[in-house]
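Have a look at start27.txt below; it lists compact mmCIF, C-alpha atoms and all ligand atoms.
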```
# COMPACT_ATOMS: atom_id res chain seq x y z
CA MET A 127 9.72 -131.50 -44.15
CA ARG A 128 6.44 -133.43 -44.44
CA MET A 129 3.18 -131.57 -43.70
CA TYR A 130 1.86 -134.86 -42.32
CA ASP A 131 4.44 -134.71 -39.50
CA LEU A 132 3.48 -131.13 -38.58
CA ILE A 133 -0.20 -132.05 -38.45
CA TYR A 134 0.50 -135.19 -36.40
CA THR A 135 2.76 -133.30 -33.95
CA LYS A 136 0.16 -130.61 -33.31
CA LYS A 137 -2.75 -133.07 -33.22
CA THR A 138 -1.03 -135.01 -30.45
CA GLY A 139 -0.23 -131.88 -28.43
CA GLY A 140 3.40 -131.34 -29.45
CA ARG A 141 5.24 -128.10 -30.25
CA LEU A 142 6.19 -126.99 -33.75
CA SER A 143 9.67 -125.56 -34.33
CA ALA A 144 10.19 -122.14 -35.92
CA GLU A 145 11.68 -123.93 -38.97
CA GLN A 146 8.59 -126.14 -39.37
CA ILE A 147 6.27 -123.14 -39.12
CA ALA A 148 8.36 -121.08 -41.57
CA SER A 149 8.38 -123.97 -44.04
CA TRP A 150 4.58 -124.35 -43.82
CA VAL A 151 3.95 -120.63 -44.33
CA ALA A 152 6.41 -120.47 -47.25
CA GLY A 153 4.53 -123.39 -48.83
CA VAL A 154 1.18 -121.62 -48.31
CA THR A 155 2.54 -118.46 -49.96
CA ALA A 156 3.97 -120.41 -52.91
CA GLY A 157 0.80 -122.49 -53.24
CA THR A 158 2.71 -125.77 -52.81
CA VAL A 159 0.97 -126.95 -49.61
CA PRO A 160 -2.39 -128.64 -50.35
CA GLU A 161 -5.26 -126.71 -48.77
CA GLU A 162 -6.58 -129.82 -46.99
CA GLN A 163 -3.29 -130.18 -45.13
CA SER A 164 -3.25 -126.50 -44.09
CA ALA A 165 -6.89 -126.84 -43.01
CA ALA A 166 -6.04 -129.90 -40.89
CA LEU A 167 -3.12 -128.09 -39.26
CA LEU A 168 -5.27 -125.01 -38.57
CA MET A 169 -7.87 -127.20 -36.88
CA ALA A 170 -5.17 -128.92 -34.79
CA ILE A 171 -3.87 -125.47 -33.72
CA CYS A 172 -7.43 -124.47 -32.78
CA TRP A 173 -7.71 -127.43 -30.42
CA ARG A 174 -4.16 -127.67 -29.09
CA GLY A 175 -3.12 -124.00 -29.14
CA MET A 176 0.37 -122.56 -29.55
CA ASP A 177 2.79 -121.18 -26.97
CA THR A 178 4.40 -117.74 -27.32
CA PRO A 179 7.52 -118.89 -29.28
CA GLU A 180 5.31 -120.80 -31.75
CA THR A 181 2.92 -117.86 -32.11
CA LEU A 182 5.87 -115.50 -32.63
CA ALA A 183 7.32 -117.86 -35.26
CA LEU A 184 3.96 -117.92 -37.10
CA THR A 185 3.71 -114.12 -36.85
CA LEU A 186 7.19 -113.57 -38.28
CA ALA A 187 6.73 -116.14 -41.04
CA MET A 188 3.51 -114.45 -42.15
CA ARG A 189 5.07 -110.99 -41.87
CA ASP A 190 7.91 -112.13 -44.13
CA SER A 191 5.57 -113.67 -46.73
CA GLY A 192 5.25 -110.27 -48.45
CA LEU A 193 6.35 -106.66 -48.49
CA ARG A 194 7.64 -105.03 -45.28
CA LEU A 195 7.41 -101.29 -45.04
CA ASP A 196 10.59 -99.50 -43.98
CA LEU A 197 9.63 -96.39 -42.04
CA SER A 198 13.16 -95.75 -40.70
CA PRO A 199 13.75 -92.80 -43.08
CA VAL A 200 11.00 -90.94 -41.18
CA PRO A 201 12.35 -89.66 -37.83
CA GLY A 202 10.66 -90.49 -34.53
CA ILE A 203 8.94 -93.46 -32.91
CA LYS A 204 6.17 -94.45 -35.35
CA VAL A 205 3.00 -95.48 -33.54
CA ASP A 206 0.08 -97.57 -34.81
CA LYS A 207 -3.18 -98.70 -33.22
CA HIS A 208 -5.29 -101.79 -33.81
CA SER A 209 -8.86 -102.42 -32.78
CA THR A 210 -10.35 -105.91 -32.94
CA GLY A 211 -13.48 -104.35 -34.43
CA GLY A 212 -16.69 -102.96 -33.10
CA VAL A 213 -19.93 -101.29 -34.15
CA GLY A 214 -19.62 -97.53 -34.70
CA ASP A 215 -15.89 -97.63 -33.90
CA LYS A 216 -14.39 -94.56 -35.56
CA THR A 217 -11.67 -93.93 -32.96
CA THR A 218 -8.92 -94.11 -35.63
CA LEU A 219 -10.28 -91.03 -37.40
CA VAL A 220 -10.18 -89.10 -34.14
CA LEU A 221 -6.93 -90.26 -32.58
CA GLY A 222 -4.68 -90.30 -35.67
CA PRO A 223 -4.73 -86.52 -36.21
CA ILE A 224 -4.50 -85.89 -32.44
CA VAL A 225 -1.36 -88.02 -32.03
CA ALA A 226 0.25 -86.40 -35.07
CA ALA A 227 -0.66 -82.91 -33.80
CA CYS A 228 1.17 -83.78 -30.56
CA GLY A 229 4.36 -84.45 -32.55
CA VAL A 230 4.36 -88.28 -32.56
CA PRO A 231 4.35 -89.77 -36.10
CA CYS A 232 1.19 -91.83 -36.46
CA ALA A 233 1.54 -94.57 -39.10
CA MET A 234 -1.57 -96.68 -39.34
CA PHE A 235 -2.89 -99.46 -41.54
CA SER A 236 -6.60 -100.13 -41.47
CA GLY A 237 -9.08 -102.61 -42.87
CA ARG A 238 -12.43 -102.77 -44.63
CA GLY A 239 -15.55 -103.87 -42.81
CA LEU A 240 -17.28 -107.23 -43.03
CA GLY A 241 -20.57 -108.35 -41.47
CA HIS A 242 -21.78 -106.31 -38.51
CA THR A 243 -18.52 -104.39 -37.94
CA GLY A 244 -17.36 -101.45 -40.04
CA GLY A 245 -13.87 -100.73 -41.34
CA THR A 246 -11.89 -97.48 -41.18
CA VAL A 247 -10.97 -97.63 -44.88
CA ASP A 248 -14.68 -97.66 -45.80
CA LYS A 249 -15.31 -94.59 -43.67
CA TYR A 250 -12.50 -92.72 -45.42
CA ALA A 251 -14.01 -93.69 -48.79
CA ALA A 252 -16.86 -91.29 -47.94
CA ILE A 253 -14.47 -88.29 -48.21
CA PRO A 254 -14.53 -87.20 -51.88
CA GLY A 255 -11.25 -87.90 -53.68
CA LEU A 256 -9.35 -89.28 -50.67
CA ARG A 257 -6.86 -91.99 -51.63
CA VAL A 258 -7.08 -94.92 -49.23
CA GLU A 259 -4.65 -97.36 -50.86
CA LEU A 260 -1.13 -95.96 -50.64
CA ASP A 261 2.07 -97.61 -51.83
CA ALA A 262 5.15 -97.44 -49.60
CA GLU A 263 6.45 -94.16 -51.04
CA ALA A 264 3.08 -92.40 -50.81
CA PHE A 265 2.65 -93.70 -47.24
CA ARG A 266 6.05 -92.32 -46.15
CA ALA A 267 5.37 -89.03 -47.97
CA SER A 268 2.08 -88.58 -46.09
CA LEU A 269 3.83 -89.33 -42.80
CA ARG A 270 6.60 -86.82 -43.51
CA ALA A 271 4.28 -84.07 -44.73
CA THR A 272 1.48 -84.31 -42.14
CA GLY A 273 2.77 -86.55 -39.32
CA PHE A 274 -0.09 -88.93 -40.18
CA ALA A 275 -0.41 -91.80 -42.66
CA ASN A 276 -3.33 -94.21 -42.86
CA SER A 277 -3.81 -96.68 -45.66
CA ALA A 278 -5.58 -99.90 -46.52
CA GLN A 279 -3.36 -102.94 -46.29
CA THR A 280 -2.24 -103.49 -49.88
CA ALA A 281 -2.27 -106.98 -51.48
CA ASP A 282 1.52 -107.31 -51.25
CA ILE A 283 1.49 -107.18 -47.41
CA CYS A 284 1.19 -110.60 -45.67
CA PRO A 285 -0.18 -112.65 -48.60
CA ALA A 286 0.13 -115.80 -46.45
CA ASP A 287 -2.31 -114.31 -43.94
CA ARG A 288 -4.81 -113.57 -46.71
CA LYS A 289 -4.67 -117.18 -47.92
CA LEU A 290 -4.83 -118.69 -44.46
CA TYR A 291 -7.64 -116.37 -43.36
CA ALA A 292 -9.73 -117.40 -46.39
CA LEU A 293 -9.20 -121.03 -45.39
CA ARG A 294 -10.01 -120.33 -41.72
CA ASP A 295 -13.19 -118.57 -42.80
CA VAL A 296 -14.57 -121.73 -44.43
CA THR A 297 -13.21 -124.28 -41.93
CA ALA A 298 -14.52 -122.73 -38.68
CA THR A 299 -10.96 -122.01 -37.51
CA VAL A 300 -11.11 -118.22 -37.15
CA GLU A 301 -11.73 -118.36 -33.39
CA SER A 302 -8.28 -119.33 -32.15
CA ILE A 303 -6.23 -116.99 -29.99
CA PRO A 304 -2.79 -117.88 -31.49
CA LEU A 305 -4.15 -117.70 -35.06
CA ILE A 306 -5.84 -114.33 -34.46
CA THR A 307 -2.72 -113.04 -32.68
CA ALA A 308 -0.39 -114.05 -35.50
CA SER A 309 -2.76 -112.71 -38.17
CA ILE A 310 -3.08 -109.28 -36.55
CA MET A 311 0.53 -108.91 -35.36
CA ALA A 312 2.04 -110.05 -38.69
CA LYS A 313 0.21 -107.24 -40.51
CA LYS A 314 1.15 -104.69 -37.85
CA LEU A 315 4.85 -105.68 -37.91
CA ALA A 316 4.90 -105.63 -41.74
CA GLY A 317 3.56 -102.06 -41.53
CA GLY A 318 6.83 -100.97 -39.93
CA CYS A 319 5.60 -99.34 -36.69
CA ASP A 320 7.84 -99.12 -33.60
CA ALA A 321 5.00 -98.99 -31.08
CA LEU A 322 1.46 -100.31 -31.01
CA VAL A 323 -1.64 -99.72 -28.91
CA LEU A 324 -4.20 -102.53 -29.04
CA ASP A 325 -7.90 -101.99 -28.38
CA VAL A 326 -9.31 -105.46 -27.67
CA LYS A 327 -13.09 -105.27 -27.64
CA CYS A 328 -15.15 -107.49 -25.38
CA GLY A 329 -18.88 -108.16 -25.36
CA GLY A 330 -21.91 -108.99 -27.48
CA GLY A 331 -20.89 -106.73 -30.39
CA ALA A 332 -17.28 -107.96 -30.44
CA PHE A 333 -15.26 -110.90 -31.65
CA MET A 334 -14.38 -111.85 -28.07
CA LYS A 335 -17.56 -112.24 -26.04
CA SER A 336 -16.10 -112.94 -22.59
CA ILE A 337 -13.57 -111.01 -20.52
CA GLU A 338 -11.47 -114.19 -20.19
CA ASP A 339 -11.12 -114.56 -23.98
CA ALA A 340 -10.53 -110.83 -24.53
CA ARG A 341 -7.85 -110.81 -21.81
CA ALA A 342 -6.17 -113.92 -23.24
CA LEU A 343 -6.08 -112.37 -26.74
CA ALA A 344 -4.69 -109.08 -25.37
CA GLN A 345 -2.01 -110.92 -23.37
CA ALA A 346 -1.04 -113.08 -26.36
CA MET A 347 -0.65 -110.04 -28.64
CA VAL A 348 1.33 -108.11 -26.03
CA ALA A 349 3.61 -111.14 -25.45
CA VAL A 350 4.33 -111.54 -29.18
CA GLY A 351 4.91 -107.80 -29.62
CA GLN A 352 7.28 -107.61 -26.66
CA ALA A 353 9.14 -110.76 -27.73
CA HIS A 354 9.79 -108.94 -30.99
CA GLY A 355 10.99 -105.76 -29.25
CA LEU A 356 7.91 -103.68 -30.03
CA ARG A 357 6.61 -101.13 -27.50
CA VAL A 358 3.08 -102.39 -26.97
CA LYS A 359 0.10 -101.74 -24.71
CA ALA A 360 -3.40 -103.25 -24.76
CA LEU A 361 -6.68 -101.91 -23.43
CA VAL A 362 -9.61 -104.29 -23.09
CA THR A 363 -12.74 -102.23 -23.77
CA ARG A 364 -16.44 -103.02 -23.58
CA MET A 365 -18.45 -103.34 -26.80
CA GLU A 366 -22.09 -103.69 -25.80
CA GLU A 367 -23.75 -100.54 -27.16
CA PRO A 368 -22.43 -98.91 -30.37
CA LEU A 369 -19.50 -96.55 -29.89
CA GLY A 370 -20.80 -93.01 -30.34
CA ARG A 371 -24.11 -92.22 -32.03
CA ALA A 372 -23.43 -92.91 -35.72
CA ILE A 373 -23.19 -96.23 -37.57
CA GLY A 374 -22.51 -95.80 -41.30
CA ASN A 375 -19.58 -94.45 -43.26
CA ALA A 376 -20.24 -90.75 -44.07
CA MET A 377 -22.17 -90.39 -40.79
CA GLU A 378 -19.17 -91.70 -38.84
CA VAL A 379 -16.82 -89.26 -40.60
CA MET A 380 -19.12 -86.41 -39.51
CA GLU A 381 -19.18 -87.62 -35.91
CA ALA A 382 -15.38 -87.97 -35.80
CA VAL A 383 -14.92 -84.48 -37.28
CA GLU A 384 -17.29 -83.01 -34.69
CA ILE A 385 -15.19 -84.52 -31.90
CA LEU A 386 -12.01 -83.13 -33.45
CA LYS A 387 -13.78 -79.74 -33.51
CA GLY A 388 -14.35 -80.01 -29.76
CA LEU A 389 -17.98 -81.23 -29.68
CA HIS A 390 -19.31 -84.24 -27.69
CA GLY A 391 -16.10 -84.28 -25.62
CA ASP A 392 -17.78 -86.06 -22.71
CA GLY A 393 -19.26 -88.94 -24.72
CA ASP A 394 -17.99 -92.54 -24.80
CA LEU A 395 -16.44 -92.16 -28.25
CA ALA A 396 -14.43 -89.06 -27.31
CA ARG A 397 -13.33 -90.53 -23.99
CA MET A 398 -12.13 -93.76 -25.59
CA SER A 399 -10.42 -92.01 -28.52
CA PHE A 400 -8.64 -89.57 -26.20
CA ARG A 401 -7.45 -92.35 -23.90
CA LEU A 402 -6.12 -94.43 -26.80
CA ALA A 403 -4.40 -91.32 -28.20
CA ALA A 404 -2.84 -90.68 -24.78
CA GLU A 405 -1.50 -94.26 -24.63
CA MET A 406 -0.04 -93.79 -28.12
CA LEU A 407 1.67 -90.57 -27.01
CA ILE A 408 3.26 -92.34 -24.05
CA LEU A 409 4.59 -95.21 -26.21
CA GLY A 410 5.79 -92.72 -28.83
CA GLY A 411 7.73 -90.63 -26.32
CA GLY A 412 5.37 -87.65 -26.53
CA ALA A 413 4.45 -87.76 -22.83
CA GLY A 414 5.83 -89.34 -19.67
CA THR A 415 2.66 -90.00 -17.71
CA LEU A 416 -1.02 -90.58 -18.43
CA PRO A 417 -2.15 -87.21 -16.95
CA GLU A 418 0.48 -85.38 -19.03
CA ALA A 419 -0.57 -87.26 -22.17
CA GLU A 420 -4.26 -86.55 -21.54
CA THR A 421 -3.52 -82.84 -21.10
CA ARG A 422 -1.66 -82.76 -24.42
CA VAL A 423 -4.51 -84.59 -26.17
CA ALA A 424 -7.11 -82.16 -24.82
CA ALA A 425 -4.97 -79.19 -25.88
CA ALA A 426 -4.56 -80.51 -29.45
CA VAL A 427 -8.35 -80.64 -29.79
CA ALA A 428 -8.99 -77.31 -28.03
CA ASP A 429 -6.44 -75.31 -30.04
CA GLY A 430 -7.60 -76.76 -33.39
CA SER A 431 -4.23 -78.33 -34.24
CA ALA A 432 -5.67 -81.88 -34.47
CA MET A 433 -8.38 -80.73 -36.86
CA GLY A 434 -5.65 -78.87 -38.78
CA VAL A 435 -3.72 -82.14 -39.22
CA PHE A 436 -6.87 -83.92 -40.42
CA ARG A 437 -7.53 -81.23 -43.06
CA ALA A 438 -3.87 -81.27 -44.18
CA TRP A 439 -3.85 -85.09 -44.34
CA VAL A 440 -7.04 -85.22 -46.42
CA ALA A 441 -5.69 -82.60 -48.84
CA HIS A 442 -2.27 -84.28 -49.08
CA ASN A 443 -3.91 -87.56 -50.09
CA GLY A 444 -6.13 -86.10 -52.81
CA GLY A 445 -9.28 -85.55 -50.75
CA ASP A 446 -11.45 -82.46 -50.53
CA PRO A 447 -10.91 -80.89 -47.08
CA THR A 448 -13.88 -78.54 -47.54
CA ALA A 449 -16.10 -81.62 -47.09
CA LEU A 450 -14.95 -81.65 -43.45
CA ASP A 451 -16.67 -78.29 -42.94
CA ASP A 452 -19.52 -78.63 -45.42
CA PHE A 453 -21.06 -82.05 -44.76
CA SER A 454 -23.41 -81.67 -47.76
CA LEU A 455 -20.34 -82.60 -49.85
CA LEU A 456 -20.29 -86.08 -48.24
CA PRO A 457 -22.53 -88.91 -49.54
CA GLY A 458 -26.06 -88.57 -48.15
CA CYS A 459 -29.42 -90.30 -48.11
CA ARG A 460 -32.90 -89.60 -49.52
CA ARG A 461 -35.14 -90.50 -46.60
CA THR A 462 -35.24 -91.28 -42.90
CA VAL A 463 -37.24 -93.75 -40.82
CA THR A 464 -37.75 -93.26 -37.08
CA VAL A 465 -37.97 -96.05 -34.49
CA ARG A 466 -39.77 -94.96 -31.28
CA ALA A 467 -40.09 -96.39 -27.77
CA GLU A 468 -43.23 -98.45 -27.22
CA ALA A 469 -43.01 -98.07 -23.45
CA ALA A 470 -41.45 -95.71 -20.94
CA GLY A 471 -38.56 -96.75 -18.70
CA PHE A 472 -34.79 -96.85 -18.54
CA VAL A 473 -32.55 -98.21 -21.32
CA GLN A 474 -30.97 -101.31 -19.78
CA ALA A 475 -29.04 -102.74 -22.73
CA MET A 476 -28.53 -102.56 -26.48
CA ASP A 477 -27.58 -105.28 -28.93
CA SER A 478 -24.93 -103.57 -31.02
CA ARG A 479 -24.46 -106.65 -33.19
CA ALA A 480 -28.13 -106.40 -34.27
CA LEU A 481 -27.66 -102.70 -35.03
CA GLY A 482 -24.48 -103.41 -37.00
CA LEU A 483 -26.33 -106.03 -39.04
CA LEU A 484 -29.20 -103.60 -39.69
CA ALA A 485 -26.71 -100.95 -40.90
CA MET A 486 -25.21 -103.62 -43.16
CA GLU A 487 -28.67 -104.39 -44.59
CA LEU A 488 -29.22 -100.69 -45.34
CA GLY A 489 -26.01 -100.82 -47.41
CA ALA A 490 -23.47 -99.42 -44.94
CA GLY A 491 -21.66 -102.77 -44.58
CA ARG A 492 -20.74 -105.88 -46.54
CA ARG A 493 -22.36 -109.27 -46.27
CA SER A 494 -19.57 -110.67 -48.46
CA ARG A 495 -16.27 -109.17 -49.59
CA GLN A 496 -17.63 -108.39 -53.08
CA ASP A 497 -20.57 -106.22 -51.89
CA GLN A 498 -20.70 -102.55 -52.94
CA LEU A 499 -21.31 -100.08 -50.11
CA ASP A 500 -23.77 -97.20 -49.97
CA LEU A 501 -21.59 -94.68 -48.13
CA GLY A 502 -24.43 -92.29 -47.27
CA VAL A 503 -26.73 -94.62 -45.33
CA GLY A 504 -26.65 -95.66 -41.69
CA ILE A 505 -28.21 -95.41 -38.27
CA ARG A 506 -28.20 -92.74 -35.61
CA VAL A 507 -28.60 -94.12 -32.11
CA GLU A 508 -30.62 -91.49 -30.25
CA VAL A 509 -30.37 -92.91 -26.70
CA ARG A 510 -27.70 -94.38 -24.44
CA VAL A 511 -27.76 -97.16 -21.87
CA GLY A 512 -28.94 -95.74 -18.51
CA GLN A 513 -31.07 -93.01 -20.11
CA ARG A 514 -34.75 -92.51 -19.15
CA VAL A 515 -37.10 -92.66 -22.17
CA GLU A 516 -40.79 -91.85 -22.55
CA THR A 517 -43.34 -93.70 -24.67
CA GLY A 518 -43.04 -92.50 -28.27
CA GLN A 519 -39.54 -91.06 -27.78
CA LYS A 520 -37.14 -91.43 -30.71
CA LEU A 521 -34.71 -94.33 -30.21
CA LEU A 522 -33.17 -94.68 -33.65
CA THR A 523 -33.13 -92.81 -36.93
CA LEU A 524 -32.43 -94.90 -40.02
CA TYR A 525 -30.86 -93.01 -42.94
CA CYS A 526 -31.88 -94.90 -46.09
CA ASN A 527 -31.54 -94.83 -49.85
CA ASP A 528 -32.67 -97.89 -51.79
CA ARG A 529 -32.89 -100.49 -49.07
CA ASP A 530 -35.05 -100.62 -45.94
CA GLY A 531 -33.24 -103.38 -44.05
CA SER A 532 -35.04 -106.14 -42.21
CA PRO A 533 -37.09 -105.42 -39.04
CA LEU A 534 -35.04 -105.14 -35.85
CA PRO A 535 -35.15 -108.16 -33.54
CA PRO A 536 -37.14 -107.23 -30.38
CA SER A 537 -33.99 -107.84 -28.34
CA TRP A 538 -32.07 -104.92 -29.90
CA ILE A 539 -32.99 -102.69 -26.96
CA THR A 540 -34.11 -103.59 -23.45
CA ILE A 541 -36.18 -100.98 -21.63
CA GLY A 542 -36.99 -101.72 -17.99
CA PRO A 543 -38.62 -99.92 -15.05
CA HIS A 544 -35.49 -99.58 -12.89
CA PRO A 545 -32.72 -96.98 -13.25
CA CYS A 546 -29.41 -98.51 -14.34
CA GLU A 547 -25.87 -97.22 -14.54
CA PRO A 548 -24.02 -97.21 -17.87
CA ALA A 549 -21.28 -99.88 -17.73
CA LEU A 550 -17.59 -98.87 -17.53
CA TRP A 551 -15.99 -98.77 -20.99
CA LEU A 552 -12.44 -99.62 -19.90
CA LEU A 553 -12.26 -103.13 -18.51
CA GLU A 554 -8.52 -103.78 -18.25
CA SER A 555 -5.18 -102.34 -19.22
CA ILE A 556 -2.38 -104.80 -20.08
N1 LIG A 601 -8.65 -109.86 -37.63
C1 LIG A 601 -7.54 -110.26 -38.30
O1 LIG A 601 -6.85 -109.48 -38.96
N2 LIG A 601 -7.21 -111.56 -38.23
C2 LIG A 601 -7.91 -112.47 -37.53
O2 LIG A 601 -7.56 -113.62 -37.51
C3 LIG A 601 -9.07 -112.03 -36.85
C4 LIG A 601 -9.40 -110.71 -36.91
```
Taking this structure as input, can you express it in the form of structure tokens?
Ligand code: URA
Amino acid sequence: MRMYDLIYTKKTGGRLSAEQIASWVAGVTAGTVPEEQSAALLMAICWRGMDTPETLALTLAMRDSGLRLDLSPVPGIKVDKHSTGGVGDKTTLVLGPIVAACGVPCAMFSGRGLGHTGGTVDKYAAIPGLRVELDAEAFRASLRATGFANSAQTADICPADRKLYALRDVTATVESIPLITASIMAKKLAGGCDALVLDVKCGGGAFMKSIEDARALAQAMVAVGQAHGLRVKALVTRMEEPLGRAIGNAMEVMEAVEILKGLHGDGDLARMSFRLAAEMLILGGGAGTLPEAETRVAAAVADGSAMGVFRAWVAHNGGDPTALDDFSLLPGCRRTVTVRAEAAGFVQAMDSRALGLLAMELGAGRRSRQDQLDLGVGIRVEVRVGQRVETGQKLLTLYCNDRDGSPLPPSWITIGPHPCEPALWLLESI
């Protein structure tokens, strides 16, 4: 099979067969396909797209390029969740223990952050001693012992995706719905789950800026999952202001723990985490209807069983569970800086991308993959969209160590004279 023919077929709007796609991905994994030919094919896919059978073939070829986890020895329907990434998104830390406490095995793989968005694995790194890179045996053992397993994706899972993503990153070919779909779904299928809830973020702080693109990505991922026999559901959610109040790794652990302890239950972060957990329960057979699932989720928080799972999971994986009750054991910061309102009015909008970039500058995120994180720094967002603020009122608190970060762009917050309603967080369910 000649790579030239694949590139020519896609460039001229043709379809690639599953065999052609498998042969390309095998060549990428083995290092026998020249990078310029893969780059040309990626660009052709960006322009011409792929239909569902092609996207499924790419997903399966990338899944099979490395290790596949076998979770069948653990009883039950194993449920995972994927978020396309947002600012302050710590829903995984909240919903994982809740789902497990409701009796549905929750087997999740998570990523590290890059640029303005954080990563779950980085947040866990703030918990002293906690192991975040588990091999297959340790992953299954955590799932058996606590009902919950959550690990970084190890290097032996989907190596073809890692190589192709690196190439996409430098050839402006990341933004392609079939390529994103295959990249995400390959890793999820390799992780061995039986059911998957997708949180596709939409808005200024997200990968997908428009509802049309977010919907198309959600539909493509659901179609590929279903074609493979996976139980799958997608929620399209708004990402305009940061999710919850905290941006920064240790700070986000604290906020998630507070929600698991029953605090801030009416905030956007709790509402979204509880809804995603409820969808996971339904797919995992733990509830028949949404109201039933939501009742079970609320009970697992109220009776302390979800927090109990989180403590047990941290201890099982080498972490210090006392840090979940004594936050002084988590990484901290030496000083704070306050940003105050220059005028009175109502908060109309927030630029969460700007806030994510500021947190990155303070050391909470990575500019490049090699950057070292400062786990104790971050930002606390003191106001929400729709809130009335007075001149001089606190808007942000920056938690700093060595770095100050660059000044905020004036557009990070819009304060206007007219009252405004906070926007709905759930845009669509697919
Ligand atoms: N996240 C992924 O894992 N892959 C993509 O292609 C984009 C976002």
Within 12 Å of ligand LIG 601 (chain A), which residues show up when you count only C-alpha atoms and all ligand atoms? List them as a ChimeraX atom specification, please. /A:168,172,185,188,208-212,235-240,243,245,279,284,286-295,298-314,326-327,332-334,343,347
Would you pick out the contacts of Val440 in chain A at 10 Å or less, using all atoms listed in the file, so that residues sharing its chain but fewer than 3 positions from it are not included, and give the list as a list in words?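 What passes the distance filter is Tyr250, Ile253, Pro254, Gly255, Leu256, Arg257, Ser268, Thr272, Val435, Phe436, Arg437, Asn443, Gly444, Gly445, Asp446, Pro447, Thr448, Ala449 and Leu450 of chain A.
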Output C-alpha atoms for every residue in the selection just made, as a tab-separated table (two decimals), in the coordinates of the input.
```tsv
chain	number	residue	atom	x	y	z
A	250	TYR	CA	-12.50	-92.72	-45.42
A	253	ILE	CA	-14.47	-88.29	-48.21
A	254	PRO	CA	-14.53	-87.20	-51.88
A	255	GLY	CA	-11.25	-87.90	-53.68
A	256	LEU	CA	-9.35	-89.28	-50.67
A	257	ARG	CA	-6.86	-91.99	-51.63
A	268	SER	CA	2.08	-88.58	-46.09
A	272	THR	CA	1.48	-84.31	-42.14
A	435	VAL	CA	-3.72	-82.14	-39.22
A	436	PHE	CA	-6.87	-83.92	-40.42
A	437	ARG	CA	-7.53	-81.23	-43.06
A	443	ASN	CA	-3.91	-87.56	-50.09
A	444	GLY	CA	-6.13	-86.10	-52.81
A	445	GLY	CA	-9.28	-85.55	-50.75
A	446	ASP	CA	-11.45	-82.46	-50.53
A	447	PRO	CA	-10.91	-80.89	-47.08
A	448	THR	CA	-13.88	-78.54	-47.54
A	449	ALA	CA	-16.10	-81.62	-47.09
A	450	LEU	CA	-14.95	-81.65	-43.45
```
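Distance check against Gln146 in chain A using only C-alpha atoms: of A:Cys228, A:Ala187, A:Leu552, A:Ala267, the minimum falls on A:Ala187.
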What is the distance, in Å and to one decimal place, between CA of Ala233 in chain A and CA of Glu554 in chain A?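 Pair CA of Ala233 in chain A / CA of Glu554 in chain A returns 24.9 Å.
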Please list as a PDB file with C-alpha atoms, in the coordinates of the input every residue within 8 Å of range 424-426 of chain A, counting only C-alpha atoms and excluding residues in the same chain fewer than 2 positions away.
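Heads up, here's the output in around_27.pdb:
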```
ATOM      1  CA  ILE A 224      -4.500 -85.890 -32.440  1.00  0.00           C
ATOM      2  CA  ALA A 227      -0.660 -82.910 -33.800  1.00  0.00           C
ATOM      3  CA  CYS A 228       1.170 -83.780 -30.560  1.00  0.00           C
ATOM      4  CA  PHE A 400      -8.640 -89.570 -26.200  1.00  0.00           C
ATOM      5  CA  GLU A 420      -4.260 -86.550 -21.540  1.00  0.00           C
ATOM      6  CA  THR A 421      -3.520 -82.840 -21.100  1.00  0.00           C
ATOM      7  CA  ARG A 422      -1.660 -82.760 -24.420  1.00  0.00           C
ATOM      8  CA  ALA A 428      -8.990 -77.310 -28.030  1.00  0.00           C
ATOM      9  CA  ASP A 429      -6.440 -75.310 -30.040  1.00  0.00           C
ATOM     10  CA  GLY A 430      -7.600 -76.760 -33.390  1.00  0.00           C
ATOM     11  CA  SER A 431      -4.230 -78.330 -34.240  1.00  0.00           C
ATOM     12  CA  ALA A 432      -5.670 -81.880 -34.470  1.00  0.00           C
TER      13      ALA A 432
END
```
Would you kindly identify which residues have an atom no farther than 10 Å from (2.0, -89.4, -35.5), using only C-alpha atoms and the file's own coordinates, and write them out as an MDAnalysis selection string? chainID A and resid 202:206 221:234 269:270 272:275 403 406:407 410 412 435
Could you check how far CA of Leu361 in chain A sits from CA of Arg194 in chain A, in Å to one decimal? 26.3 Å
So that I can check the surroundings of Tyr134 in chain A, please list as a list in words every protein, DNA and RNA residue that reaches within 12 Å of it, counting only C-alpha atoms and ignoring chain neighbours fewer than 3 positions away.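 Selected residues are Arg128, Met129, Tyr130, Asp131, Lys137, Thr138, Gly139, Gly140, Arg141, Leu142, Gln163, Ala166, Leu167, Leu168, Met169, Ala170, Ile171 and Arg174 of chain A.
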Resulting file, chosen residues, C-alpha atoms, as an mmCIF file, keeping the file's coordinate frame:
```cif
data_model
loop_
_atom_site.group_PDB
_atom_site.id
_atom_site.type_symbol
_atom_site.label_atom_id
_atom_site.label_comp_id
_atom_site.auth_asym_id
_atom_site.auth_seq_id
_atom_site.Cartn_x
_atom_site.Cartn_y
_atom_site.Cartn_z
ATOM 1 C CA ARG A 128 6.440 -133.430 -44.440
ATOM 2 C CA MET A 129 3.180 -131.570 -43.700
ATOM 3 C CA TYR A 130 1.860 -134.860 -42.320
ATOM 4 C CA ASP A 131 4.440 -134.710 -39.500
ATOM 5 C CA LYS A 137 -2.750 -133.070 -33.220
ATOM 6 C CA THR A 138 -1.030 -135.010 -30.450
ATOM 7 C CA GLY A 139 -0.230 -131.880 -28.430
ATOM 8 C CA GLY A 140 3.400 -131.340 -29.450
ATOM 9 C CA ARG A 141 5.240 -128.100 -30.250
ATOM 10 C CA LEU A 142 6.190 -126.990 -33.750
ATOM 11 C CA GLN A 163 -3.290 -130.180 -45.130
ATOM 12 C CA ALA A 166 -6.040 -129.900 -40.890
ATOM 13 C CA LEU A 167 -3.120 -128.090 -39.260
ATOM 14 C CA LEU A 168 -5.270 -125.010 -38.570
ATOM 15 C CA MET A 169 -7.870 -127.200 -36.880
ATOM 16 C CA ALA A 170 -5.170 -128.920 -34.790
ATOM 17 C CA ILE A 171 -3.870 -125.470 -33.720
ATOM 18 C CA ARG A 174 -4.160 -127.670 -29.090
#
```
